[in-house]
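Asker: Pasting coords19.tsv below, which is TSV, C-alpha atoms and all ligand atoms.
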```
chain	number	residue	atom	x	y	z
A	20	MET	CA	4.09	-8.61	-13.36
A	21	HIS	CA	0.72	-8.43	-11.60
A	22	GLU	CA	0.56	-8.23	-7.84
A	23	PHE	CA	-0.28	-11.90	-7.31
A	24	GLY	CA	2.74	-13.13	-9.31
A	25	PHE	CA	4.96	-10.64	-7.51
A	26	GLU	CA	3.62	-11.86	-4.19
A	27	LEU	CA	4.47	-15.48	-5.00
A	28	ALA	CA	7.95	-14.42	-6.10
A	29	VAL	CA	8.52	-12.58	-2.80
A	30	CYS	CA	7.22	-15.57	-0.81
A	31	GLN	CA	9.50	-18.00	-2.62
A	32	TRP	CA	12.50	-15.72	-2.28
A	33	ALA	CA	11.83	-15.24	1.46
A	34	GLU	CA	11.46	-18.99	2.00
A	35	HIS	CA	14.98	-19.52	0.66
A	36	HIS	CA	16.85	-16.33	1.46
A	37	TRP	CA	15.31	-14.49	4.40
A	38	PRO	CA	16.77	-12.33	6.02
A	39	PRO	CA	18.08	-10.08	3.24
A	40	GLY	CA	21.82	-9.50	3.25
A	41	ARG	CA	22.48	-11.61	6.33
A	42	PRO	CA	23.03	-15.31	7.00
A	43	ARG	CA	19.96	-17.15	8.24
A	44	ASP	CA	20.12	-18.02	11.92
A	45	ARG	CA	16.50	-19.12	12.38
A	46	THR	CA	14.05	-21.36	10.58
A	47	VAL	CA	11.36	-19.45	8.72
A	48	ILE	CA	7.75	-20.17	7.80
A	49	VAL	CA	6.38	-17.98	5.01
A	50	ALA	CA	2.67	-17.34	4.48
A	51	ARG	CA	0.55	-14.92	2.50
A	52	GLN	CA	-2.67	-12.96	2.99
A	53	LEU	CA	-2.91	-13.24	6.76
A	54	GLY	CA	-3.41	-10.79	9.59
A	55	THR	CA	-6.23	-9.47	11.74
A	56	ARG	CA	-9.87	-8.68	11.03
A	57	ARG	CA	-8.85	-5.12	10.18
A	58	ARG	CA	-5.56	-5.70	8.41
A	59	ARG	CA	-4.27	-8.44	6.15
A	60	TRP	CA	-0.65	-8.53	5.10
A	61	ASP	CA	0.53	-9.76	1.72
A	62	THR	CA	3.49	-11.78	2.96
A	63	LEU	CA	4.38	-12.88	6.46
A	64	VAL	CA	7.72	-14.31	7.51
A	65	ILE	CA	7.59	-16.11	10.85
A	66	GLU	CA	11.11	-16.45	12.24
A	67	CYS	CA	11.08	-19.55	14.42
A	68	ASP	CA	13.16	-21.14	17.11
A	69	PRO	CA	14.19	-24.39	15.37
A	70	GLN	CA	13.69	-26.62	18.43
A	71	GLY	CA	10.44	-24.91	19.28
A	72	LEU	CA	9.19	-25.43	15.73
A	73	THR	CA	10.03	-29.13	15.91
A	74	ALA	CA	8.17	-29.39	19.21
A	75	ARG	CA	5.21	-27.51	17.71
A	76	ALA	CA	4.88	-30.28	15.11
A	77	ARG	CA	3.54	-32.61	17.84
A	78	PHE	CA	0.32	-30.60	17.82
A	79	GLY	CA	-0.41	-31.49	14.20
A	80	GLU	CA	-0.26	-29.65	10.91
A	81	HIS	CA	-3.50	-27.75	11.46
A	82	ARG	CA	-3.59	-24.50	13.33
A	83	LEU	CA	-4.63	-24.19	16.95
A	84	ASP	CA	-7.20	-21.40	17.06
A	85	SER	CA	-7.30	-19.00	19.99
A	86	ASP	CA	-9.68	-21.23	22.01
A	87	LEU	CA	-7.47	-24.30	21.53
A	88	LEU	CA	-4.37	-22.26	22.33
A	89	GLY	CA	-6.03	-21.24	25.60
A	90	VAL	CA	-6.39	-24.93	26.47
A	91	VAL	CA	-3.01	-26.33	25.36
A	92	ARG	CA	-0.99	-23.46	26.81
A	93	HIS	CA	-2.53	-23.83	30.26
A	94	ALA	CA	-3.23	-27.55	30.43
A	95	PRO	CA	-1.61	-28.82	33.68
A	96	ALA	CA	1.02	-31.55	33.97
A	97	GLU	CA	-1.27	-33.46	36.42
A	98	TRP	CA	-5.00	-34.19	36.14
A	99	ALA	CA	-7.15	-31.23	37.20
A	100	TRP	CA	-10.72	-30.01	36.82
A	101	TYR	CA	-10.68	-27.77	33.77
A	102	ARG	CA	-12.10	-24.81	35.70
A	103	ASP	CA	-9.28	-25.03	38.23
A	104	ALA	CA	-6.62	-25.45	35.59
A	105	LEU	CA	-7.54	-22.87	32.97
A	106	PRO	CA	-7.70	-19.09	33.40
A	107	GLU	CA	-11.11	-17.54	34.09
A	108	PRO	CA	-12.54	-16.56	30.68
A	109	ASP	CA	-14.46	-13.37	29.99
A	110	TYR	CA	-17.16	-15.48	28.33
A	111	PRO	CA	-19.21	-18.46	29.62
A	112	TRP	CA	-17.31	-21.54	30.83
A	113	ARG	CA	-19.28	-23.80	28.50
A	114	TYR	CA	-17.23	-22.45	25.58
A	115	VAL	CA	-14.06	-23.41	27.41
A	116	ARG	CA	-15.50	-26.87	28.01
A	117	GLU	CA	-16.19	-27.22	24.29
A	118	ALA	CA	-12.61	-26.18	23.54
A	119	VAL	CA	-11.33	-28.83	25.99
A	120	HIS	CA	-13.36	-31.46	24.13
A	121	ARG	CA	-12.09	-30.23	20.76
A	122	ALA	CA	-8.50	-30.28	21.99
A	123	ALA	CA	-8.94	-33.82	23.33
A	124	ASP	CA	-10.61	-34.97	20.10
A	125	ARG	CA	-7.60	-33.64	18.22
A	126	GLY	CA	-5.30	-35.55	20.54
A	127	VAL	CA	-3.42	-32.51	21.85
A	128	VAL	CA	-4.51	-32.88	25.52
A	129	GLU	CA	-5.86	-35.77	27.60
A	130	ARG	CA	-9.37	-35.69	29.07
A	131	ARG	CA	-11.34	-37.81	31.52
A	132	ARG	CA	-14.27	-37.53	33.96
A	133	ASP	CA	-13.66	-37.77	37.71
A	134	GLU	CA	-15.92	-39.75	40.02
A	135	ASN	CA	-18.34	-36.79	40.19
A	136	GLY	CA	-18.56	-36.55	36.42
A	137	ARG	CA	-16.45	-33.40	36.24
A	138	ILE	CA	-14.19	-33.01	33.24
A	139	GLU	CA	-10.51	-33.09	33.97
A	140	LEU	CA	-7.61	-32.51	31.63
A	141	ARG	CA	-3.89	-33.09	31.53
A	142	ARG	CA	-1.34	-31.92	29.02
A	143	LYS	CA	0.42	-34.33	26.67
A	144	TRP	CA	3.22	-31.95	25.81
A	145	ARG	CA	4.17	-28.46	26.83
A	146	TYR	CA	3.21	-25.99	24.10
A	147	PRO	CA	6.58	-24.57	22.95
A	148	ASP	CA	7.72	-20.98	22.44
A	149	TRP	CA	8.35	-21.39	18.76
A	150	VAL	CA	7.68	-17.90	17.37
A	151	GLU	CA	10.63	-15.57	17.66
A	152	ARG	CA	9.76	-12.72	15.32
A	153	ILE	CA	6.98	-11.85	12.89
A	154	VAL	CA	7.85	-9.85	9.78
A	155	ALA	CA	5.08	-8.27	7.70
A	156	VAL	CA	5.70	-7.40	4.04
A	157	GLU	CA	3.43	-5.30	1.84
A	158	ASN	CA	3.98	-6.11	-1.83
A	159	LYS	CA	3.61	-3.33	-4.38
A	160	PRO	CA	5.35	-4.17	-7.64
A	161	ASP	CA	4.34	-1.14	-9.69
A	162	LEU	CA	4.38	1.78	-7.41
A	163	ASP	CA	3.73	5.19	-8.88
A	164	ALA	CA	3.64	8.31	-6.72
A	165	SER	CA	-0.09	8.19	-5.98
A	166	ALA	CA	-0.11	4.45	-5.14
A	167	ALA	CA	2.86	5.07	-2.86
A	168	ARG	CA	0.96	7.78	-0.94
A	169	ASP	CA	-2.00	5.44	-0.36
A	170	LEU	CA	0.33	2.73	0.82
A	171	LEU	CA	2.18	4.97	3.25
A	172	ASP	CA	-0.96	5.67	5.27
A	173	GLN	CA	-1.36	1.93	5.82
A	174	ILE	CA	2.29	1.43	6.70
A	175	GLU	CA	2.10	4.22	9.30
A	176	ARG	CA	-0.79	2.38	10.92
A	177	ASP	CA	1.22	-0.85	10.97
A	178	VAL	CA	4.16	0.89	12.62
A	179	ALA	CA	1.92	2.57	15.22
A	180	LEU	CA	0.23	-0.71	16.16
A	181	ALA	CA	3.54	-2.65	16.23
A	182	LEU	CA	1.91	-6.04	15.98
A	183	ALA	CA	4.75	-7.31	13.77
A	184	ASP	CA	8.40	-7.02	14.78
A	185	GLU	CA	9.27	-5.55	11.39
A	186	VAL	CA	7.29	-3.96	8.58
A	187	TRP	CA	8.60	-3.93	5.01
A	188	ILE	CA	7.48	-2.65	1.64
A	189	ALA	CA	8.57	-4.84	-1.27
A	190	THR	CA	8.58	-3.16	-4.66
A	191	SER	CA	10.12	-3.73	-8.05
A	192	ALA	CA	12.93	-1.47	-9.22
A	193	THR	CA	12.05	1.72	-11.12
A	194	ASP	CA	14.36	3.87	-13.27
A	195	SER	CA	15.47	5.57	-10.10
A	196	ARG	CA	15.61	2.19	-8.29
A	197	VAL	CA	12.90	3.13	-5.74
A	198	GLU	CA	9.91	5.40	-6.24
A	199	PRO	CA	11.13	8.68	-4.64
A	200	VAL	CA	7.82	9.30	-2.79
A	201	LEU	CA	8.36	6.02	-1.00
A	202	LEU	CA	11.80	6.97	0.24
A	203	GLU	CA	10.71	10.45	1.24
A	204	GLY	CA	7.40	9.57	2.88
A	205	ALA	CA	7.73	6.12	4.42
A	206	PRO	CA	8.12	5.97	8.21
A	207	VAL	CA	11.78	5.45	9.03
A	208	GLU	CA	10.82	2.28	10.92
A	209	ALA	CA	9.62	0.55	7.72
A	210	GLY	CA	12.11	-1.31	5.53
A	211	ILE	CA	12.13	-1.14	1.72
A	212	LEU	CA	13.01	-4.19	-0.34
A	213	VAL	CA	13.67	-3.97	-4.08
A	214	VAL	CA	12.78	-7.20	-5.87
A	215	GLU	CA	13.98	-8.19	-9.35
A	216	GLU	CA	12.47	-10.89	-11.55
A	217	ASP	CA	15.27	-13.29	-10.86
A	218	ARG	CA	16.25	-16.24	-8.72
A	219	GLY	CA	18.81	-16.41	-5.92
A	220	ALA	CA	19.62	-14.38	-2.84
A	221	ASP	CA	20.42	-11.31	-4.94
A	222	ALA	CA	16.91	-11.15	-6.40
A	223	ALA	CA	15.99	-8.85	-3.51
A	224	SER	CA	18.08	-6.06	-2.07
A	225	VAL	CA	17.56	-3.66	0.82
A	226	ALA	CA	16.98	-0.01	-0.07
A	227	TRP	CA	16.16	0.92	3.54
A	228	GLN	CA	16.73	-1.10	6.70
A	229	PRO	CA	13.74	-1.29	9.05
A	230	ARG	CA	13.79	-0.81	12.80
A	231	SER	CA	12.46	-3.40	15.19
A	232	LEU	CA	9.08	-2.39	16.58
A	233	ALA	CA	8.11	-2.56	20.26
A	234	VAL	CA	5.81	-5.57	20.09
A	235	ASP	CA	5.73	-6.00	23.88
A	236	ASP	CA	4.54	-2.42	24.50
A	237	PRO	CA	0.99	-1.11	24.07
A	238	GLY	CA	0.30	-0.30	20.41
A	239	THR	CA	-1.68	2.57	18.93
A	240	ARG	CA	-4.56	1.64	16.67
A	241	ILE	CA	-5.30	4.60	14.38
A	242	LEU	CA	-9.04	4.52	13.71
A	243	ASP	CA	-9.54	7.70	11.75
A	244	ARG	CA	-7.19	10.30	10.47
A	245	PRO	CA	-8.42	13.61	9.04
A	246	GLU	CA	-7.28	14.69	5.61
A	247	GLY	CA	-6.19	18.04	7.02
A	248	GLY	CA	-6.33	21.31	5.09
A	249	SER	CA	-8.73	24.22	5.54
A	250	TYR	CA	-11.93	22.13	5.36
A	251	ASP	CA	-11.09	19.34	7.75
A	252	ALA	CA	-10.30	20.28	11.31
A	253	SER	CA	-11.48	16.99	12.84
A	254	ALA	CA	-9.31	15.21	15.35
A	255	CYS	CA	-7.45	11.97	14.77
A	256	ARG	CA	-9.19	9.04	16.52
A	257	PHE	CA	-7.18	6.21	17.97
A	258	GLU	CA	-7.25	3.55	20.68
A	259	TYR	CA	-4.64	1.54	22.50
A	260	ALA	CA	-3.99	-2.13	21.82
A	261	ASP	CA	-2.83	-3.79	24.98
A	262	PRO	CA	0.23	-6.04	25.01
A	263	ASP	CA	-1.75	-9.15	26.00
A	264	TRP	CA	-4.08	-8.72	23.02
A	265	LYS	CA	-1.04	-8.27	20.79
A	266	ALA	CA	0.71	-11.37	22.16
A	267	ASP	CA	-2.41	-13.53	21.67
A	268	LYS	CA	-3.01	-12.15	18.18
A	269	ARG	CA	0.61	-12.73	17.14
A	270	LEU	CA	0.46	-16.34	18.20
A	271	ALA	CA	-2.88	-16.90	16.45
A	272	ILE	CA	-1.44	-15.38	13.25
A	273	ALA	CA	1.65	-17.57	13.50
A	274	GLU	CA	-0.53	-20.66	13.94
A	275	ARG	CA	-2.46	-19.80	10.79
A	276	ALA	CA	0.78	-19.23	8.93
A	277	TYR	CA	2.01	-22.64	10.12
A	278	GLU	CA	-1.07	-24.32	8.71
A	279	ARG	CA	-1.39	-22.46	5.43
A	280	GLY	CA	2.06	-21.53	4.23
A	281	TRP	CA	2.00	-19.52	1.02
A	282	ARG	CA	1.01	-22.19	-1.50
A	283	SER	CA	-2.59	-22.45	-0.37
A	284	TYR	CA	-3.67	-20.30	-3.37
A	285	ALA	CA	-4.48	-23.57	-5.14
A	286	ASP	CA	-7.37	-24.05	-2.70
A	287	SER	CA	-9.17	-20.98	-4.01
A	288	MET	CA	-8.23	-21.33	-7.71
A	289	ARG	CA	-9.27	-23.93	-10.30
A	290	PRO	CA	-6.41	-26.40	-10.76
A	291	ASP	CA	-9.15	-28.84	-11.87
A	292	CYS	CA	-9.54	-26.74	-15.07
A	293	ARG	CA	-7.81	-28.27	-18.09
A	294	GLN	CA	-6.30	-24.84	-18.89
A	295	PHE	CA	-4.59	-24.57	-15.48
A	296	GLN	CA	-0.83	-25.05	-15.50
A	297	LEU	CA	2.06	-24.41	-13.13
A	298	ARG	CA	4.85	-22.80	-15.08
A	299	PRO	CA	8.33	-22.43	-13.64
A	300	GLU	CA	8.94	-18.78	-14.58
A	301	THR	CA	12.22	-17.02	-13.97
A	302	ALA	CA	11.59	-16.32	-10.33
A	303	VAL	CA	8.92	-18.73	-9.18
A	304	ALA	CA	6.63	-21.53	-10.38
A	305	ARG	CA	3.32	-19.74	-10.69
A	306	PRO	CA	-0.12	-20.53	-12.06
A	307	PHE	CA	-0.53	-20.01	-15.78
A	308	CYS	CA	-3.75	-20.12	-17.79
A	309	ALA	CA	-3.34	-21.68	-21.24
A	310	ALA	CA	-6.67	-20.21	-22.40
A	311	LYS	CA	-5.63	-16.67	-21.55
A	312	ASP	CA	-2.01	-17.34	-22.53
A	313	ARG	CA	-0.78	-15.52	-19.44
A	314	ALA	CA	-0.55	-15.82	-15.67
A	315	GLN	CA	-4.01	-15.48	-14.19
A	316	THR	CA	-5.03	-13.90	-10.87
A	317	PRO	CA	-6.93	-15.83	-8.17
A	318	GLY	CA	-9.95	-13.57	-8.83
A	319	GLU	CA	-10.04	-14.64	-12.48
A	320	CYS	CA	-9.40	-18.29	-11.77
A	321	SER	CA	-12.51	-18.93	-9.67
A	322	GLN	CA	-16.01	-20.37	-9.84
A	323	GLY	CA	-17.15	-17.55	-12.13
A	324	CYS	CA	-14.55	-18.04	-14.89
A	325	GLU	CA	-16.38	-18.33	-18.21
A	326	GLN	CA	-13.46	-20.12	-19.83
A	327	PHE	CA	-13.37	-22.90	-17.21
A	328	GLU	CA	-13.13	-26.34	-18.82
A	329	PRO	CA	-13.28	-29.34	-16.53
A	330	GLU	CA	-10.54	-31.91	-16.88
A	331	PRO	CA	-11.75	-34.62	-19.26
A	332	PRO	CA	-12.82	-37.71	-17.27
A	333	VAL	CA	-10.29	-39.79	-19.22
A	334	TRP	CA	-7.47	-37.83	-17.56
A	335	ARG	CA	-8.72	-39.17	-14.28
A	336	THR	CA	-9.07	-42.78	-15.34
A	337	ARG	CA	-5.96	-43.68	-17.33
A	338	GLU	CA	-2.66	-42.16	-16.34
A	339	TRP	CA	-4.19	-40.96	-13.07
A	340	PRO	CA	-6.07	-44.08	-12.07
A	341	ILE	CA	-6.32	-43.62	-8.34
A	342	ASP	CA	-5.51	-40.13	-7.28
A	343	GLY	CA	-7.51	-37.93	-9.64
A	344	GLY	CA	-6.33	-35.80	-12.55
A	345	PRO	CA	-3.50	-33.30	-12.99
A	346	GLY	CA	-5.35	-30.70	-10.91
A	347	ALA	CA	-5.26	-32.99	-7.89
A	348	ALA	CA	-1.60	-33.74	-8.65
A	349	ILE	CA	-0.77	-30.01	-8.62
A	350	LYS	CA	-2.45	-29.66	-5.22
A	351	ARG	CA	-0.50	-32.63	-3.89
A	352	LEU	CA	2.74	-31.17	-5.22
A	353	LEU	CA	2.06	-27.85	-3.48
A	354	ASP	CA	1.09	-29.65	-0.26
A	355	ARG	CA	4.34	-31.64	-0.35
A	356	GLN	CA	6.34	-28.46	-0.84
A	357	ARG	CA	4.48	-26.83	2.06
A	358	ASN	CA	5.08	-29.82	4.32
A	359	ARG	CA	8.81	-29.68	3.61
A	360	GLN	CA	8.86	-26.34	5.46
A	361	ARG	CA	7.40	-27.93	8.60
A	362	PRO	CA	9.80	-30.25	10.42
A	363	ASP	CA	8.66	-33.65	11.71
A	364	PRO	CA	7.87	-33.88	15.43
A	365	PRO	CA	10.56	-35.24	17.75
A	366	GLU	CA	10.67	-39.02	18.24
A	367	LYS	CA	9.48	-38.84	21.86
B	401	LIG	S1	-9.73	-20.90	-17.98
B	401	LIG	FE1	-10.41	-19.82	-16.12
B	401	LIG	S2	-10.62	-21.46	-14.56
B	401	LIG	FE2	-9.38	-22.28	-16.27
B	401	LIG	S3	-7.22	-21.92	-15.66
B	401	LIG	FE3	-7.88	-20.18	-16.94
B	401	LIG	S4	-8.59	-18.65	-15.45
B	401	LIG	FE4	-8.53	-20.61	-14.36
```
Can I see the file as structure tokens?
Answerer:
Amino acid sequence: MHEFGFELAVCQWAEHHWPPGRPRDRTVIVARQLGTRRRRWDTLVIECDPQGLTARARFGEHRLDSDLLGVVRHAPAEWAWYRDALPEPDYPWRYVREAVHRAADRGVVERRRDENGRIELRRKWRYPDWVERIVAVENKPDLDASAARDLLDQIERDVALALADEVWIATSATDSRVEPVLLEGAPVEAGILVVEEDRGADAASVAWQPRSLAVDDPGTRILDRPEGGSYDASACRFEYADPDWKADKRLAIAERAYERGWRSYADSMRPDCRQFQLRPETAVARPFCAAKDRAQTPGECSQGCEQFEPEPPVWRTREWPIDGGPGAAIKRLLDRQRNRQRPDPPEK
């Protein structure tokens, strides 16, 4: 299985069965290919407070970016001038003012002008604490010894930064169940998950339990690490990541996960190609290309694909009279499945 198919299988398994080997006591949101500017994780599991997640739904299905979060988290219960109500930014106030307007246009805060023309705001709802834990999973289905060594360097950086509460490596079983280099060389804090091509809770099993990382403490960002040996005596370079930066980044990542889920791959592929299918394989319904007669990767299934064939117009005019062709129907199906993971907002 290529990495993309494996990734979808892990996402689907996590959506139904996270955490491995234990009963679920929190709601989870699963997303893929998210992280920071420097580091993107394959799969993210956001463990959520169920009531908090329901309250989060009031703010809409789209993410609140860091500027909007700054507004909704500090918007006061009573009308106040935005400069009195919001924390002093380390950039010009006009950007904050723009964020207040954007938040009001989205309907997540109230805005008005006072008699002097100054902009005031008031919150509509308190922004809830909905994120309990963030779990990062690196997917490596076919891990030989050299791929495992490359991966371990990255995992050590993840553990040192401690931006996620847990870091896991998901791999498929080898003859010896887990690639030995992985077991010998992985930081003890990182978990190892062995994933089979199968459905059900047992499709993934724990080969090594992770430890919870200190997300509230300063993290260490490893910038450069020498190879070592007789020719490289340079020093390791690193910097600290402060807890406030980590807290803000975690929430911004969770917001993006809330918006995107893990089925957003259809946005970057070509479901409007007549060869595009969704095939329910053993473990997960995944994209399949009839022209290639195999599952395609997102890189192949893009604007540059030479085998792309647009859906015939008749597909869009007969059986699909209003809503477009099968490609649009696939996108709607994936959107519906994604929306099922996000609860409706409370009545009041
Ligand atoms: S032919 Fe190309 S664009 Fe069409 S489904 Fe296959 S990979 Fe995607």
Asker: Taking only C-alpha atoms and all ligand atoms into account, which residues are within 9 Å of ligand LIG 401 (chain B), as number ranges by chain?
Answerer: A: 288-296, 306-329
Asker: Select, from A:Glu258, A:Asp172, A:Asp61, A:Glu129, the residue with the minimum atom-to-atom distance to Val91 (chain A), counting only C-alpha atoms.
Answerer: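 Among the listed residues, the smallest separation from Val91 (chain A) belongs to A:Glu129.
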Asker: Which residue out of A:Ala209, A:Val115, A:Val154, A:Leu140 has the minimum interatomic distance to Val225 (chain A) when only C-alpha atoms are used?
Answerer: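 For Val225 (chain A), the nearest of the given residues is A:Ala209.
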Asker: In Å to one decimal, how far is CA of Ala99 (chain A) from CA of Arg142 (chain A)?
Answerer: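 Spanning CA of Arg142 (chain A) to CA of Ala99 (chain A) is a straight-line distance of 10.1 Å.
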Asker: From the options A:Leu297, A:Val207, A:Ala183, A:Cys255, which residue's atoms come nearest to Arg58 (chain A), counting only C-alpha atoms?
Answerer: A:Ala183
Asker: Tell me which of A:Cys30, A:Val214, A:Ala254, A:Val127 sits closest to Ala94 (chain A), counting all atoms listed in the file.
Answerer: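 Among A:Cys30, A:Val214, A:Ala254, A:Val127, it is A:Val127 that comes nearest to Ala94 (chain A).
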Asker: Would you mind exporting region 26-51 of chain A with N, CA and C atoms, as a PDB file, in the first residue's frame?
Answerer:
```pdb
ATOM      1  N   GLU A  26      -2.279   6.248   4.935  1.00  0.00           N
ATOM      2  CA  GLU A  26      -2.678   7.394   5.752  1.00  0.00           C
ATOM      3  C   GLU A  26      -4.200   7.455   5.901  1.00  0.00           C
ATOM      4  N   LEU A  27      -4.915   7.230   4.805  1.00  0.00           N
ATOM      5  CA  LEU A  27      -6.380   7.253   4.885  1.00  0.00           C
ATOM      6  C   LEU A  27      -6.879   6.121   5.793  1.00  0.00           C
ATOM      7  N   ALA A  28      -6.225   4.961   5.691  1.00  0.00           N
ATOM      8  CA  ALA A  28      -6.639   3.833   6.536  1.00  0.00           C
ATOM      9  C   ALA A  28      -6.437   4.167   8.016  1.00  0.00           C
ATOM     10  N   VAL A  29      -5.300   4.802   8.338  1.00  0.00           N
ATOM     11  CA  VAL A  29      -5.035   5.172   9.740  1.00  0.00           C
ATOM     12  C   VAL A  29      -6.069   6.202  10.207  1.00  0.00           C
ATOM     13  N   CYS A  30      -6.369   7.179   9.334  1.00  0.00           N
ATOM     14  CA  CYS A  30      -7.345   8.218   9.717  1.00  0.00           C
ATOM     15  C   CYS A  30      -8.714   7.587   9.998  1.00  0.00           C
ATOM     16  N   GLN A  31      -9.132   6.688   9.096  1.00  0.00           N
ATOM     17  CA  GLN A  31     -10.453   6.100   9.298  1.00  0.00           C
ATOM     18  C   GLN A  31     -10.483   5.232  10.558  1.00  0.00           C
ATOM     19  N   TRP A  32      -9.418   4.481  10.758  1.00  0.00           N
ATOM     20  CA  TRP A  32      -9.365   3.647  11.969  1.00  0.00           C
ATOM     21  C   TRP A  32      -9.437   4.548  13.205  1.00  0.00           C
ATOM     22  N   ALA A  33      -8.641   5.622  13.218  1.00  0.00           N
ATOM     23  CA  ALA A  33      -8.602   6.503  14.399  1.00  0.00           C
ATOM     24  C   ALA A  33      -9.968   7.141  14.652  1.00  0.00           C
ATOM     25  N   GLU A  34     -10.658   7.503  13.572  1.00  0.00           N
ATOM     26  CA  GLU A  34     -11.971   8.136  13.732  1.00  0.00           C
ATOM     27  C   GLU A  34     -12.928   7.214  14.496  1.00  0.00           C
ATOM     28  N   HIS A  35     -12.808   5.908  14.231  1.00  0.00           N
ATOM     29  CA  HIS A  35     -13.734   4.962  14.871  1.00  0.00           C
ATOM     30  C   HIS A  35     -13.198   4.384  16.178  1.00  0.00           C
ATOM     31  N   HIS A  36     -11.887   4.209  16.279  1.00  0.00           N
ATOM     32  CA  HIS A  36     -11.382   3.356  17.358  1.00  0.00           C
ATOM     33  C   HIS A  36     -10.347   3.995  18.262  1.00  0.00           C
ATOM     34  N   TRP A  37     -10.023   5.273  18.068  1.00  0.00           N
ATOM     35  CA  TRP A  37      -9.052   5.891  18.963  1.00  0.00           C
ATOM     36  C   TRP A  37      -9.641   6.012  20.355  1.00  0.00           C
ATOM     37  N   PRO A  38      -8.918   5.755  21.445  1.00  0.00           N
ATOM     38  CA  PRO A  38      -7.505   5.399  21.565  1.00  0.00           C
ATOM     39  C   PRO A  38      -7.297   3.885  21.465  1.00  0.00           C
ATOM     40  N   PRO A  39      -6.133   3.441  21.026  1.00  0.00           N
ATOM     41  CA  PRO A  39      -5.920   2.006  20.843  1.00  0.00           C
ATOM     42  C   PRO A  39      -5.916   1.252  22.170  1.00  0.00           C
ATOM     43  N   GLY A  40      -6.704   0.176  22.197  1.00  0.00           N
ATOM     44  CA  GLY A  40      -6.690  -0.713  23.368  1.00  0.00           C
ATOM     45  C   GLY A  40      -7.446  -0.192  24.578  1.00  0.00           C
ATOM     46  N   ARG A  41      -8.092   0.959  24.445  1.00  0.00           N
ATOM     47  CA  ARG A  41      -8.835   1.497  25.595  1.00  0.00           C
ATOM     48  C   ARG A  41     -10.191   2.000  25.129  1.00  0.00           C
ATOM     49  N   PRO A  42     -11.186   2.013  26.030  1.00  0.00           N
ATOM     50  CA  PRO A  42     -12.475   2.575  25.619  1.00  0.00           C
ATOM     51  C   PRO A  42     -12.352   4.079  25.387  1.00  0.00           C
ATOM     52  N   ARG A  43     -13.148   4.582  24.468  1.00  0.00           N
ATOM     53  CA  ARG A  43     -13.096   6.023  24.166  1.00  0.00           C
ATOM     54  C   ARG A  43     -13.831   6.802  25.239  1.00  0.00           C
ATOM     55  N   ASP A  44     -13.177   7.806  25.811  1.00  0.00           N
ATOM     56  CA  ASP A  44     -13.885   8.633  26.790  1.00  0.00           C
ATOM     57  C   ASP A  44     -13.981  10.084  26.328  1.00  0.00           C
ATOM     58  N   ARG A  45     -13.521  10.366  25.110  1.00  0.00           N
ATOM     59  CA  ARG A  45     -13.636  11.728  24.573  1.00  0.00           C
ATOM     60  C   ARG A  45     -14.062  11.639  23.123  1.00  0.00           C
ATOM     61  N   THR A  46     -14.619  12.722  22.617  1.00  0.00           N
ATOM     62  CA  THR A  46     -14.913  12.800  21.184  1.00  0.00           C
ATOM     63  C   THR A  46     -13.603  13.100  20.449  1.00  0.00           C
ATOM     64  N   VAL A  47     -13.445  12.546  19.253  1.00  0.00           N
ATOM     65  CA  VAL A  47     -12.215  12.868  18.520  1.00  0.00           C
ATOM     66  C   VAL A  47     -12.535  13.491  17.162  1.00  0.00           C
ATOM     67  N   ILE A  48     -11.647  14.373  16.746  1.00  0.00           N
ATOM     68  CA  ILE A  48     -11.645  14.923  15.385  1.00  0.00           C
ATOM     69  C   ILE A  48     -10.325  14.460  14.764  1.00  0.00           C
ATOM     70  N   VAL A  49     -10.394  13.876  13.589  1.00  0.00           N
ATOM     71  CA  VAL A  49      -9.177  13.385  12.936  1.00  0.00           C
ATOM     72  C   VAL A  49      -8.913  14.240  11.698  1.00  0.00           C
ATOM     73  N   ALA A  50      -7.665  14.606  11.505  1.00  0.00           N
ATOM     74  CA  ALA A  50      -7.287  15.397  10.325  1.00  0.00           C
ATOM     75  C   ALA A  50      -5.953  14.866   9.805  1.00  0.00           C
ATOM     76  N   ARG A  51      -5.603  15.297   8.599  1.00  0.00           N
ATOM     77  CA  ARG A  51      -4.317  14.853   8.047  1.00  0.00           C
ATOM     78  C   ARG A  51      -3.556  16.032   7.438  1.00  0.00           C
TER      79      ARG A  51
END
```
